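Chemist: File coords08.tsv below, TSV, C-alpha atoms and all ligand atoms:
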```tsv
chain	number	residue	atom	x	y	z
A	77	MET	CA	-34.00	46.18	16.24
A	78	SER	CA	-32.30	43.20	14.66
A	79	SER	CA	-33.95	40.28	12.92
A	80	VAL	CA	-32.82	36.69	12.67
A	81	LYS	CA	-33.95	34.25	10.03
A	82	LEU	CA	-34.19	30.71	11.30
A	83	ARG	CA	-33.02	27.81	9.11
A	84	ALA	CA	-35.03	26.89	6.07
A	85	PRO	CA	-37.50	25.30	5.63
A	86	SER	CA	-39.19	26.91	8.65
A	87	SER	CA	-38.79	30.40	7.09
A	88	GLN	CA	-39.71	32.02	10.37
A	89	TRP	CA	-38.34	35.38	11.33
A	90	ILE	CA	-37.58	36.63	14.80
A	91	VAL	CA	-37.87	40.41	14.95
A	92	GLY	CA	-36.98	42.08	18.22
A	93	GLY	CA	-37.27	38.72	19.98
A	94	ARG	CA	-40.82	37.99	18.65
A	95	PRO	CA	-41.58	35.36	15.98
A	96	LEU	CA	-43.46	36.95	13.07
A	97	SER	CA	-44.88	35.67	9.83
A	98	ARG	CA	-42.62	36.35	6.84
A	99	SER	CA	-44.88	39.01	5.32
A	100	VAL	CA	-45.30	40.91	8.58
A	101	ALA	CA	-41.58	40.66	9.24
A	102	LEU	CA	-40.76	41.95	5.78
A	103	ARG	CA	-43.19	44.88	6.15
A	104	SER	CA	-41.70	45.85	9.50
A	105	GLU	CA	-38.24	45.57	7.98
A	106	ILE	CA	-38.87	48.05	5.17
A	107	ARG	CA	-35.90	50.41	4.82
A	108	ARG	CA	-33.92	48.19	7.16
A	109	VAL	CA	-31.51	45.45	6.16
A	110	ALA	CA	-32.18	42.17	7.93
A	111	ALA	CA	-29.05	40.76	9.52
A	112	THR	CA	-29.47	37.06	8.90
A	113	ILE	CA	-27.71	34.27	10.70
A	114	ARG	CA	-28.14	30.57	10.20
A	115	ALA	CA	-28.58	28.50	13.31
A	116	GLY	CA	-27.58	25.09	11.96
A	117	SER	CA	-27.07	22.10	14.24
A	118	TYR	CA	-23.37	21.84	13.36
A	119	THR	CA	-22.51	25.54	13.70
A	120	GLU	CA	-20.42	25.30	16.87
A	121	GLU	CA	-18.53	22.28	15.63
A	122	LEU	CA	-17.82	23.94	12.26
A	123	VAL	CA	-16.37	26.98	13.98
A	124	GLN	CA	-14.19	24.76	16.17
A	125	THR	CA	-12.97	22.69	13.21
A	126	ALA	CA	-12.10	25.79	11.18
A	127	LYS	CA	-10.27	27.24	14.18
A	128	SER	CA	-8.21	24.13	14.79
A	129	ILE	CA	-7.18	23.92	11.12
A	130	SER	CA	-6.13	27.58	11.40
A	131	SER	CA	-3.77	27.01	14.32
A	132	PRO	CA	-0.46	28.94	14.38
A	133	GLY	CA	2.43	27.47	12.43
A	134	ARG	CA	0.27	24.90	10.66
A	135	GLY	CA	-1.40	24.50	7.27
A	136	ILE	CA	-3.00	21.95	4.96
A	137	LEU	CA	-1.42	19.11	2.99
A	138	ALA	CA	-3.47	18.75	-0.21
A	139	ILE	CA	-3.29	15.22	-1.60
A	140	ASP	CA	-6.74	15.10	-3.16
A	141	GLU	CA	-5.63	14.54	-6.74
A	142	SER	CA	-8.25	12.67	-8.74
A	143	ASN	CA	-7.13	9.23	-9.91
A	144	ALA	CA	-6.28	10.70	-13.32
A	145	THR	CA	-4.10	13.47	-11.86
A	146	CYS	CA	-2.48	11.12	-9.35
A	147	GLY	CA	-1.67	8.93	-12.36
A	148	LYS	CA	0.25	11.82	-13.91
A	149	ARG	CA	2.24	12.27	-10.70
A	150	LEU	CA	3.07	8.56	-10.59
A	151	ALA	CA	3.96	8.53	-14.29
A	152	SER	CA	6.54	11.27	-13.62
A	153	ILE	CA	8.53	8.68	-11.62
A	154	GLY	CA	7.76	5.78	-13.96
A	155	LEU	CA	4.97	4.12	-11.93
A	156	ASP	CA	1.68	2.73	-13.26
A	157	ASN	CA	-1.57	4.33	-12.15
A	158	THR	CA	-2.86	1.38	-10.07
A	159	GLU	CA	-4.79	1.48	-6.82
A	160	THR	CA	-1.84	-0.26	-5.11
A	161	ASN	CA	0.60	2.45	-6.21
A	162	ARG	CA	-1.78	5.26	-5.24
A	163	GLN	CA	-2.26	3.64	-1.82
A	164	ALA	CA	1.50	3.20	-1.34
A	165	TYR	CA	2.14	6.86	-2.17
A	166	ARG	CA	-0.62	8.14	0.10
A	167	GLN	CA	0.57	5.81	2.88
A	168	LEU	CA	4.04	7.31	2.65
A	169	LEU	CA	2.60	10.81	3.03
A	170	LEU	CA	0.00	10.12	5.71
A	171	THR	CA	2.21	8.07	8.00
A	172	THR	CA	5.07	10.57	8.15
A	173	PRO	CA	6.05	10.70	11.84
A	174	GLY	CA	5.69	14.17	13.39
A	175	LEU	CA	3.68	15.59	10.48
A	176	GLY	CA	1.07	17.06	12.83
A	177	GLU	CA	3.54	19.61	14.14
A	178	TYR	CA	3.27	21.50	10.83
A	179	ILE	CA	0.11	20.14	9.22
A	180	SER	CA	-3.37	20.75	10.64
A	181	GLY	CA	-5.51	19.24	7.87
A	182	ALA	CA	-5.12	16.85	4.93
A	183	ILE	CA	-7.42	16.91	1.90
A	184	LEU	CA	-8.04	13.43	0.55
A	185	PHE	CA	-9.61	12.04	-2.59
A	186	GLU	CA	-12.62	9.75	-1.98
A	187	GLU	CA	-10.59	6.58	-2.63
A	188	THR	CA	-8.04	7.58	0.03
A	189	LEU	CA	-10.71	8.43	2.64
A	190	TYR	CA	-11.76	4.78	2.64
A	191	GLN	CA	-8.25	3.29	2.43
A	192	ALA	CA	-5.97	1.94	5.17
A	193	THR	CA	-2.26	1.28	5.59
A	194	THR	CA	-0.89	-2.10	4.54
A	195	ASP	CA	-1.05	-2.99	8.27
A	196	GLY	CA	-4.78	-2.26	8.27
A	197	LYS	CA	-4.86	1.12	10.08
A	198	LYS	CA	-7.39	3.46	8.50
A	199	PHE	CA	-5.78	6.56	7.01
A	200	VAL	CA	-8.26	8.76	8.90
A	201	ASP	CA	-7.00	7.22	12.15
A	202	CYS	CA	-3.37	7.85	11.17
A	203	LEU	CA	-4.30	11.51	10.70
A	204	ARG	CA	-6.25	11.78	13.94
A	205	GLY	CA	-3.25	10.28	15.78
A	206	GLU	CA	-1.22	13.30	14.60
A	207	ASN	CA	-3.99	15.81	15.43
A	208	ILE	CA	-4.57	16.39	11.71
A	209	VAL	CA	-8.17	16.93	10.55
A	210	PRO	CA	-9.18	14.69	7.62
A	211	GLY	CA	-10.77	16.51	4.68
A	212	ILE	CA	-12.32	15.42	1.40
A	213	LYS	CA	-12.52	16.77	-2.14
A	214	VAL	CA	-16.22	16.81	-3.02
A	215	ASP	CA	-16.42	18.48	-6.42
A	216	LYS	CA	-16.74	16.31	-9.51
A	217	GLY	CA	-14.38	18.25	-11.72
A	218	LEU	CA	-14.56	20.78	-14.51
A	219	VAL	CA	-16.50	20.56	-17.77
A	220	PRO	CA	-16.99	23.08	-20.61
A	221	LEU	CA	-19.45	25.88	-19.86
A	222	PRO	CA	-21.80	26.32	-22.83
A	223	GLY	CA	-22.32	29.94	-23.86
A	224	SER	CA	-18.99	31.07	-22.43
A	225	ASN	CA	-15.66	31.98	-23.95
A	226	ASN	CA	-14.16	28.46	-23.82
A	227	GLU	CA	-14.49	28.48	-20.03
A	228	SER	CA	-15.52	25.74	-17.62
A	229	TRP	CA	-17.85	25.11	-14.72
A	230	CYS	CA	-17.54	22.77	-11.79
A	231	GLN	CA	-19.90	19.82	-11.35
A	232	GLY	CA	-20.90	18.04	-8.14
A	233	LEU	CA	-23.99	19.59	-6.52
A	234	ASP	CA	-26.30	16.65	-7.35
A	235	GLY	CA	-26.34	14.24	-4.41
A	236	LEU	CA	-23.81	16.40	-2.56
A	237	ALA	CA	-25.74	16.45	0.73
A	238	SER	CA	-25.85	12.66	1.03
A	239	ARG	CA	-22.20	12.31	-0.02
A	240	CYS	CA	-21.16	14.87	2.61
A	241	ALA	CA	-23.16	13.00	5.27
A	242	GLU	CA	-21.36	9.76	4.31
A	243	TYR	CA	-17.94	11.44	4.36
A	244	TYR	CA	-18.70	12.85	7.81
A	245	LYS	CA	-19.50	9.32	9.05
A	246	GLN	CA	-16.19	8.14	7.60
A	247	GLY	CA	-14.32	10.81	9.63
A	248	ALA	CA	-14.01	13.79	7.27
A	249	ARG	CA	-14.56	17.16	8.93
A	250	PHE	CA	-13.87	19.56	6.10
A	251	ALA	CA	-14.42	19.63	2.35
A	252	LYS	CA	-12.93	21.19	-0.75
A	253	TRP	CA	-14.52	22.40	-3.98
A	254	ARG	CA	-12.18	23.77	-6.61
A	255	THR	CA	-13.45	25.75	-9.53
A	256	VAL	CA	-11.35	27.88	-11.85
A	257	VAL	CA	-11.43	31.28	-13.49
A	258	SER	CA	-9.31	31.95	-16.56
A	259	ILE	CA	-8.05	35.50	-17.16
A	260	PRO	CA	-7.04	34.98	-20.84
A	261	CYS	CA	-10.57	33.67	-21.55
A	262	GLY	CA	-12.09	36.90	-20.30
A	263	PRO	CA	-13.22	35.93	-17.76
A	264	SER	CA	-16.85	36.21	-18.84
A	265	ASN	CA	-19.49	37.42	-16.38
A	266	LEU	CA	-21.29	34.13	-16.92
A	267	ALA	CA	-18.28	32.02	-15.88
A	268	VAL	CA	-17.58	34.12	-12.79
A	269	LYS	CA	-21.21	34.08	-11.70
A	270	GLU	CA	-21.45	30.33	-12.19
A	271	ALA	CA	-18.19	29.75	-10.28
A	272	ALA	CA	-19.26	31.96	-7.36
A	273	TRP	CA	-22.81	30.58	-7.15
A	274	GLY	CA	-21.60	26.96	-7.31
A	275	LEU	CA	-19.11	27.61	-4.49
A	276	ALA	CA	-21.81	29.20	-2.33
A	277	ARG	CA	-24.33	26.37	-2.87
A	278	TYR	CA	-21.63	23.81	-2.09
A	279	ALA	CA	-20.55	25.70	1.04
A	280	ALA	CA	-24.11	25.81	2.41
A	281	ILE	CA	-24.62	22.09	1.75
A	282	ALA	CA	-21.26	21.11	3.27
A	283	GLN	CA	-22.00	23.12	6.43
A	284	ASP	CA	-25.44	21.58	6.71
A	285	ASN	CA	-23.72	18.19	6.91
A	286	GLY	CA	-20.97	19.09	9.38
A	287	LEU	CA	-18.11	19.74	6.94
A	288	VAL	CA	-16.17	23.02	6.94
A	289	PRO	CA	-16.12	24.10	3.29
A	290	ILE	CA	-12.88	25.25	1.71
A	291	VAL	CA	-13.95	27.82	-0.85
A	292	GLU	CA	-11.55	27.72	-3.81
A	293	PRO	CA	-12.06	29.82	-6.90
A	294	GLU	CA	-8.63	29.29	-8.45
A	295	ILE	CA	-7.66	32.17	-10.69
A	296	LEU	CA	-5.33	30.37	-13.05
A	297	LEU	CA	-1.78	31.56	-13.62
A	298	ASP	CA	-2.17	31.06	-17.40
A	299	GLY	CA	-1.64	34.25	-19.43
A	300	ASP	CA	0.70	37.18	-20.02
A	301	HIS	CA	-1.33	39.74	-18.04
A	302	THR	CA	0.03	42.13	-15.41
A	303	ILE	CA	-0.32	41.76	-11.65
A	304	GLU	CA	-2.76	44.72	-11.70
A	305	ARG	CA	-5.04	42.78	-14.04
A	306	THR	CA	-4.94	39.75	-11.72
A	307	LEU	CA	-5.90	41.98	-8.79
A	308	GLU	CA	-8.80	43.44	-10.76
A	309	VAL	CA	-10.15	40.00	-11.71
A	310	ALA	CA	-9.62	38.61	-8.21
A	311	GLU	CA	-11.54	41.52	-6.67
A	312	PHE	CA	-14.42	40.91	-9.09
A	313	VAL	CA	-14.49	37.18	-8.35
A	314	TRP	CA	-14.25	37.44	-4.56
A	315	ALA	CA	-16.92	40.16	-4.41
A	316	GLN	CA	-19.34	37.75	-6.06
A	317	VAL	CA	-18.24	34.80	-3.96
A	318	PHE	CA	-18.98	36.67	-0.72
A	319	ASP	CA	-22.23	38.07	-2.07
A	320	TYR	CA	-23.50	34.56	-2.82
A	321	LEU	CA	-22.05	33.05	0.36
A	322	THR	CA	-24.07	35.51	2.41
A	323	GLN	CA	-27.18	35.04	0.25
A	324	ASN	CA	-26.90	31.33	1.03
A	325	ASN	CA	-26.57	32.06	4.77
A	326	VAL	CA	-23.17	30.42	5.00
A	327	VAL	CA	-21.58	30.87	8.44
A	328	LEU	CA	-18.38	32.75	7.66
A	329	GLU	CA	-16.71	31.68	10.92
A	330	GLY	CA	-17.05	28.10	9.70
A	331	ILE	CA	-15.39	28.31	6.28
A	332	LEU	CA	-11.82	28.44	4.99
A	333	LEU	CA	-10.66	30.12	1.80
A	334	LYS	CA	-8.23	28.77	-0.72
A	335	PRO	CA	-7.29	31.65	-3.02
A	336	SER	CA	-4.57	31.94	-5.60
A	337	MET	CA	-1.89	34.49	-4.76
A	338	VAL	CA	-2.08	37.69	-6.80
A	339	THR	CA	0.80	37.42	-9.27
A	340	PRO	CA	1.43	38.43	-12.88
A	341	GLY	CA	0.39	35.80	-15.48
A	342	ALA	CA	2.88	32.96	-15.87
A	343	GLU	CA	3.83	34.24	-19.36
A	344	HIS	CA	4.20	37.88	-18.36
A	345	LYS	CA	7.62	39.31	-19.21
A	346	GLU	CA	8.51	40.31	-15.67
A	347	LYS	CA	8.37	38.27	-12.49
A	348	ALA	CA	7.18	39.87	-9.27
A	349	SER	CA	9.12	39.72	-6.00
A	350	PRO	CA	7.61	38.03	-2.92
A	351	GLU	CA	7.15	41.51	-1.39
A	352	THR	CA	5.12	42.72	-4.38
A	353	ILE	CA	3.04	39.54	-4.46
A	354	ALA	CA	2.38	39.91	-0.73
A	355	GLU	CA	1.42	43.58	-1.15
A	356	TYR	CA	-1.11	42.86	-3.92
A	357	THR	CA	-2.49	39.69	-2.34
A	358	LEU	CA	-3.02	41.32	1.05
A	359	LYS	CA	-4.63	44.31	-0.66
A	360	LEU	CA	-7.11	41.91	-2.28
A	361	LEU	CA	-7.83	40.08	0.95
A	362	LYS	CA	-8.29	43.25	3.00
A	363	ARG	CA	-10.69	44.65	0.41
A	364	ARG	CA	-12.79	41.51	0.06
A	365	VAL	CA	-12.52	39.09	3.02
A	366	PRO	CA	-14.34	39.85	6.29
A	367	PRO	CA	-12.32	39.22	9.46
A	368	ALA	CA	-14.97	36.68	10.54
A	369	VAL	CA	-13.29	34.19	8.18
A	370	PRO	CA	-10.74	32.29	10.29
A	371	GLY	CA	-8.24	31.08	7.71
A	372	ILE	CA	-6.82	31.80	4.28
A	373	MET	CA	-5.05	28.69	2.98
A	374	PHE	CA	-3.29	29.46	-0.31
A	375	LEU	CA	-2.89	27.07	-3.22
A	376	SER	CA	0.52	26.92	-4.89
A	377	GLY	CA	-0.78	26.94	-8.48
A	378	GLY	CA	2.43	25.86	-10.23
A	379	GLN	CA	4.90	28.02	-8.29
A	380	SER	CA	8.12	26.29	-7.25
A	381	GLU	CA	8.27	24.93	-3.73
A	382	VAL	CA	10.60	27.73	-2.61
A	383	GLU	CA	8.62	30.49	-4.36
A	384	ALA	CA	5.36	29.40	-2.71
A	385	THR	CA	7.07	29.40	0.69
A	386	LEU	CA	8.80	32.78	0.18
A	387	ASN	CA	5.52	34.39	-0.91
A	388	LEU	CA	3.68	33.03	2.11
A	389	ASN	CA	6.46	34.25	4.38
A	390	ALA	CA	6.25	37.75	2.87
A	391	MET	CA	2.52	37.85	3.68
A	392	ASN	CA	3.19	37.08	7.32
A	393	GLN	CA	5.60	39.91	8.08
A	394	SER	CA	2.93	41.82	9.99
A	395	PRO	CA	-0.23	40.66	11.75
A	396	ASN	CA	-3.27	39.84	9.58
A	397	PRO	CA	-6.95	39.64	10.59
A	398	TRP	CA	-7.02	35.99	9.52
A	399	HIS	CA	-4.63	33.02	9.78
A	400	VAL	CA	-2.67	33.23	6.51
A	401	SER	CA	-1.30	29.83	5.62
A	402	PHE	CA	-0.94	27.13	2.97
A	403	SER	CA	-2.92	24.31	1.39
A	404	TYR	CA	-0.36	23.19	-1.15
A	405	ALA	CA	-0.33	20.11	-3.30
A	406	ARG	CA	2.49	20.49	-5.83
A	407	ALA	CA	4.59	22.76	-3.58
A	408	LEU	CA	4.59	20.14	-0.81
A	409	GLN	CA	4.85	16.98	-2.89
A	410	ASN	CA	7.32	17.62	-5.67
A	411	THR	CA	10.58	16.76	-3.89
A	412	VAL	CA	8.87	13.95	-1.98
A	413	LEU	CA	7.87	12.15	-5.17
A	414	LYS	CA	11.30	12.59	-6.72
A	415	THR	CA	12.97	11.26	-3.58
A	416	TRP	CA	10.64	8.27	-3.34
A	417	GLN	CA	10.84	6.96	-6.93
A	418	GLY	CA	8.42	4.20	-5.91
A	419	LEU	CA	11.07	2.33	-3.93
A	420	PRO	CA	10.36	1.02	-0.38
A	421	ASP	CA	13.98	1.79	0.58
A	422	ASN	CA	13.39	5.48	-0.15
A	423	VAL	CA	10.25	5.89	2.00
A	424	GLU	CA	12.07	7.25	5.01
A	425	ALA	CA	14.05	9.77	2.96
A	426	ALA	CA	10.86	10.85	1.16
A	427	GLN	CA	9.09	11.36	4.49
A	428	LYS	CA	12.02	13.48	5.64
A	429	ALA	CA	11.65	15.54	2.46
A	430	LEU	CA	7.97	16.08	3.26
A	431	LEU	CA	8.83	17.22	6.78
A	432	ILE	CA	11.41	19.68	5.41
A	433	ARG	CA	8.77	21.30	3.14
A	434	ALA	CA	6.08	21.23	5.81
A	435	LYS	CA	8.42	22.84	8.34
A	436	ALA	CA	9.52	25.50	5.83
A	437	ASN	CA	5.88	26.47	5.26
A	438	SER	CA	5.19	26.36	8.98
A	439	MET	CA	8.00	28.88	9.45
A	440	ALA	CA	6.54	30.96	6.60
A	441	GLN	CA	3.16	30.94	8.32
A	442	LEU	CA	4.93	32.47	11.31
A	443	GLY	CA	6.86	34.88	9.06
A	444	LEU	CA	10.19	33.33	10.05
A	445	TYR	CA	11.33	31.48	6.90
A	446	THR	CA	14.59	32.02	5.02
A	447	SER	CA	15.44	30.16	1.81
A	448	GLU	CA	19.04	29.58	2.90
A	449	GLY	CA	20.20	26.05	2.13
A	450	GLU	CA	17.22	25.18	-0.13
A	451	ASN	CA	18.23	22.87	-2.99
A	452	GLU	CA	17.96	23.68	-6.69
A	453	GLU	CA	15.18	21.14	-7.29
A	454	ALA	CA	12.90	22.97	-4.86
A	455	LYS	CA	13.39	26.18	-6.84
A	456	LYS	CA	12.02	24.76	-10.10
A	457	GLY	CA	8.59	26.08	-11.13
A	458	MET	CA	5.81	23.58	-11.91
A	459	PHE	CA	3.48	25.71	-13.99
A	460	GLN	CA	1.61	23.80	-16.73
A	461	LYS	CA	-0.82	25.42	-19.16
A	462	GLY	CA	-4.42	24.27	-18.68
A	463	TYR	CA	-3.61	22.31	-15.52
A	464	THR	CA	-6.54	20.32	-14.11
A	465	TYR	CA	-6.74	18.75	-10.71
A	501	LIG	P1	-1.63	23.21	-5.93
A	501	LIG	O1	-1.03	23.66	-4.63
A	501	LIG	O2	-0.80	22.16	-6.60
A	501	LIG	O3	-1.97	24.36	-6.82
A	501	LIG	O4	-2.99	22.47	-5.56
A	501	LIG	C1	-4.21	23.08	-5.72
A	501	LIG	C2	-5.31	22.37	-5.04
A	501	LIG	O5	-6.45	22.74	-5.20
A	501	LIG	C3	-5.04	21.25	-4.12
A	501	LIG	O6	-6.16	20.92	-3.34
```
As structure tokens, please, write out the structure in this file.
Ligand code: 13P

Modeler:
Amino acid sequence: MSSVKLRAPSSQWIVGGRPLSRSVALRSEIRRVAATIRAGSYTEELVQTAKSISSPGRGILAIDESNATCGKRLASIGLDNTETNRQAYRQLLLTTPGLGEYISGAILFEETLYQATTDGKKFVDCLRGENIVPGIKVDKGLVPLPGSNNESWCQGLDGLASRCAEYYKQGARFAKWRTVVSIPCGPSNLAVKEAAWGLARYAAIAQDNGLVPIVEPEILLDGDHTIERTLEVAEFVWAQVFDYLTQNNVVLEGILLKPSMVTPGAEHKEKASPETIAEYTLKLLKRRVPPAVPGIMFLSGGQSEVEATLNLNAMNQSPNPWHVSFSYARALQNTVLKTWQGLPDNVEAAQKALLIRAKANSMAQLGLYTSEGENEEAKKGMFQKGYTY
């Protein structure tokens, strides 16, 4: 006999098709594990959204840099961090003709979600026109975690439900929450538990308001540890994330994951090949991620554009239970920014550069990429110690 828990706050249980009070249900369930499902009003839509973002040969363009981080990007090409410059840069990216062939979702920062092109077309409509799902970063960034080993925790749960409802009205259909785990800092049990619990609470709230949550515990590249150590930490982190996701009755068919690839620390003496990274990363995923999850959308984490693409390609050499794809920020934007230089005359060339990267990652999603003909710039790593987003 299976039992189904209806959505809170009704706290009613259906056991063998009959509604029972909680205490009776619990007594009759002794020695049996209750299989719980959440029957939220958005469930079908969430599953559909997650499926469409996970469509073959496509992945996510992450351009959800906070204003401070976007400022650093603009500074790298000598531009001031003004709203006009941020809008111009995002317009270049979001109006790239043909982008939807390779990109299924775009993660925006709040400012961008409400912005329009200089001709007055809302960015969300530009995306919809290309069959790209608009998404929104909803976390409020990292702050020090008292009682830990110099680690951080991610803020943003207060008021999250009403913000998600507003973002949905504005056209967003998925959300992102990025928290980090640092291997050189331990990680401490406290930091991992806090990261996993925060992600699970956020995921439940996002789903309740119609947004597919991207679950992103970024295990930072910082450190000189081995690839085995990264695997060990990643297994520990993901075990807790899925434990808390299920405790919070999150519908796994309606989420997306954004893991880091399993690599040695950035300061480790030896680099790993794409084949080794794929072997370790797939081992992690197979051990920890149920096949109910539709899509795994990797972050690039400071890898070079070409490295991130080669690693993704190596993971798609044989069929996987989930769509294995990308949700890159730096590994999609680096050459674009350098090509643009803030000059209107360079917009077309910069959009072409974006299409080249998007297509390369699309091929990698299909396992068909080769790095032949890639330029030297795209091979330069972008790792920075203590990187924030
Ligand atoms: P990177 O691909 O630059 O690591 O971006 C991470 C991220 O969380 C973007 O949403």

Chemist: When you draw a straight line from CA of Ile259 in chain A to CA of Cys230 in chain A, how long is it in Å?

Modeler: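 Taking CA of Ile259 in chain A and CA of Cys230 in chain A, their separation equals 16.8 Å.
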
Chemist: Take the point (-13.0, 21.9, 14.1) in the file's coordinates, draw a sphere of radius 12 Å around it, and report as a ChimeraX atom specification every protein, DNA or RNA residue with an atom inside or on it, counting all atoms listed in the file.

Modeler: /A:118-131,180-181,207-211,248-250,283,286-289,329-332,370

Chemist: Include C-alpha atoms and write out the residues we just selected as a PDB file, in the frame of the given file.

Modeler:
```pdb
ATOM      1  CA  TYR A 118     -23.370  21.840  13.360  1.00  0.00           C
ATOM      2  CA  THR A 119     -22.510  25.540  13.700  1.00  0.00           C
ATOM      3  CA  GLU A 120     -20.420  25.300  16.870  1.00  0.00           C
ATOM      4  CA  GLU A 121     -18.530  22.280  15.630  1.00  0.00           C
ATOM      5  CA  LEU A 122     -17.820  23.940  12.260  1.00  0.00           C
ATOM      6  CA  VAL A 123     -16.370  26.980  13.980  1.00  0.00           C
ATOM      7  CA  GLN A 124     -14.190  24.760  16.170  1.00  0.00           C
ATOM      8  CA  THR A 125     -12.970  22.690  13.210  1.00  0.00           C
ATOM      9  CA  ALA A 126     -12.100  25.790  11.180  1.00  0.00           C
ATOM     10  CA  LYS A 127     -10.270  27.240  14.180  1.00  0.00           C
ATOM     11  CA  SER A 128      -8.210  24.130  14.790  1.00  0.00           C
ATOM     12  CA  ILE A 129      -7.180  23.920  11.120  1.00  0.00           C
ATOM     13  CA  SER A 130      -6.130  27.580  11.400  1.00  0.00           C
ATOM     14  CA  SER A 131      -3.770  27.010  14.320  1.00  0.00           C
ATOM     15  CA  SER A 180      -3.370  20.750  10.640  1.00  0.00           C
ATOM     16  CA  GLY A 181      -5.510  19.240   7.870  1.00  0.00           C
ATOM     17  CA  ASN A 207      -3.990  15.810  15.430  1.00  0.00           C
ATOM     18  CA  ILE A 208      -4.570  16.390  11.710  1.00  0.00           C
ATOM     19  CA  VAL A 209      -8.170  16.930  10.550  1.00  0.00           C
ATOM     20  CA  PRO A 210      -9.180  14.690   7.620  1.00  0.00           C
ATOM     21  CA  GLY A 211     -10.770  16.510   4.680  1.00  0.00           C
ATOM     22  CA  ALA A 248     -14.010  13.790   7.270  1.00  0.00           C
ATOM     23  CA  ARG A 249     -14.560  17.160   8.930  1.00  0.00           C
ATOM     24  CA  PHE A 250     -13.870  19.560   6.100  1.00  0.00           C
ATOM     25  CA  GLN A 283     -22.000  23.120   6.430  1.00  0.00           C
ATOM     26  CA  GLY A 286     -20.970  19.090   9.380  1.00  0.00           C
ATOM     27  CA  LEU A 287     -18.110  19.740   6.940  1.00  0.00           C
ATOM     28  CA  VAL A 288     -16.170  23.020   6.940  1.00  0.00           C
ATOM     29  CA  PRO A 289     -16.120  24.100   3.290  1.00  0.00           C
ATOM     30  CA  GLU A 329     -16.710  31.680  10.920  1.00  0.00           C
ATOM     31  CA  GLY A 330     -17.050  28.100   9.700  1.00  0.00           C
ATOM     32  CA  ILE A 331     -15.390  28.310   6.280  1.00  0.00           C
ATOM     33  CA  LEU A 332     -11.820  28.440   4.990  1.00  0.00           C
ATOM     34  CA  PRO A 370     -10.740  32.290  10.290  1.00  0.00           C
TER      35      PRO A 370
END
```

Chemist: Extract, using all atoms listed in the file, all DNA, RNA and protein residues at most 10 Å from Asn143 in chain A, discarding same-chain residues fewer than 2 positions from it, and format them as JSON, numbers by chain.

Modeler: {"A": [140, 141, 145, 146, 147, 148, 149, 157, 158, 159, 162, 185, 186, 187, 465]}

Chemist: Would you export the selected residues with C-alpha atoms as a PDB file, in the coordinates of the input, please?

Modeler:
```pdb
ATOM      1  CA  ASP A 140      -6.740  15.100  -3.160  1.00  0.00           C
ATOM      2  CA  GLU A 141      -5.630  14.540  -6.740  1.00  0.00           C
ATOM      3  CA  THR A 145      -4.100  13.470 -11.860  1.00  0.00           C
ATOM      4  CA  CYS A 146      -2.480  11.120  -9.350  1.00  0.00           C
ATOM      5  CA  GLY A 147      -1.670   8.930 -12.360  1.00  0.00           C
ATOM      6  CA  LYS A 148       0.250  11.820 -13.910  1.00  0.00           C
ATOM      7  CA  ARG A 149       2.240  12.270 -10.700  1.00  0.00           C
ATOM      8  CA  ASN A 157      -1.570   4.330 -12.150  1.00  0.00           C
ATOM      9  CA  THR A 158      -2.860   1.380 -10.070  1.00  0.00           C
ATOM     10  CA  GLU A 159      -4.790   1.480  -6.820  1.00  0.00           C
ATOM     11  CA  ARG A 162      -1.780   5.260  -5.240  1.00  0.00           C
ATOM     12  CA  PHE A 185      -9.610  12.040  -2.590  1.00  0.00           C
ATOM     13  CA  GLU A 186     -12.620   9.750  -1.980  1.00  0.00           C
ATOM     14  CA  GLU A 187     -10.590   6.580  -2.630  1.00  0.00           C
ATOM     15  CA  TYR A 465      -6.740  18.750 -10.710  1.00  0.00           C
TER      16      TYR A 465
END
```

Chemist: What's around Val257 in chain A at 10 Å? Count all atoms listed in the file, leave out sequence neighbours fewer than 5 positions away in its own chain, and write the answer as a ChimeraX atom specification.

Modeler: /A:227-229,262-264,267-268,271-272,293-297,309-310,313

Chemist: Enumerate as an MDAnalysis selection string the residues within 8 Å of ligand LIG 501 (chain A), counting all atoms listed in the file.

Modeler: chainID A and resid 138:141 183 213 252 254 292 294 334 374:379 403:408 465

Chemist: Place a sphere of radius 8 Å on (4.0, 27.7, 15.5) in the file coordinates and name every protein, DNA or RNA residue with an atom inside or on its surface, counting only C-alpha atoms; give the answer as an MDAnalysis selection string.

Modeler: chainID A and resid 131:134 178 438:439 441:442

Chemist: Write out as a list in words which residues come within 10 Å of Thr446 in chain A when counting only C-alpha atoms, dropping same-chain ones fewer than 2 positions away.

Modeler: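 My list of contacting residues is Val382, Thr385, Leu386, Asn389, Ala436, Met439, Ala440, Gly443, Leu444, Glu448, Gly449 and Glu450 of chain A.
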
Chemist: So what do you get for CA of Ser336 in chain A versus CA of Asn392 in chain A, distance-wise?

Modeler: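 These atoms are spaced 15.9 Å apart.
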
Chemist: Mind pulling up the distance from CA of Tyr165 in chain A to CA of Glu453 in chain A?

Modeler: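 Answer for the CA of Glu453 in chain A to CA of Tyr165 in chain A separation: 20.0 Å.
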
Chemist: Counting all atoms listed in the file, which residue out of A:Leu419, A:Leu358, A:Leu221, A:Ile281 sits closest to Leu321 in chain A?

Modeler: A:Ile281

Chemist: Name the residues in contact with Val200 in chain A at a cut-off of 9 Å, using all atoms listed in the file, excluding same-chain residues fewer than 3 positions from it; report them as a count of residues only.

Modeler: 16

Chemist: Which of these, A:Cys261, A:Leu175, A:Ala279, A:Ile303, has the shortest distance to His344 in chain A once you count all atoms listed in the file?

Modeler: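 The closest residue to His344 in chain A is A:Ile303.
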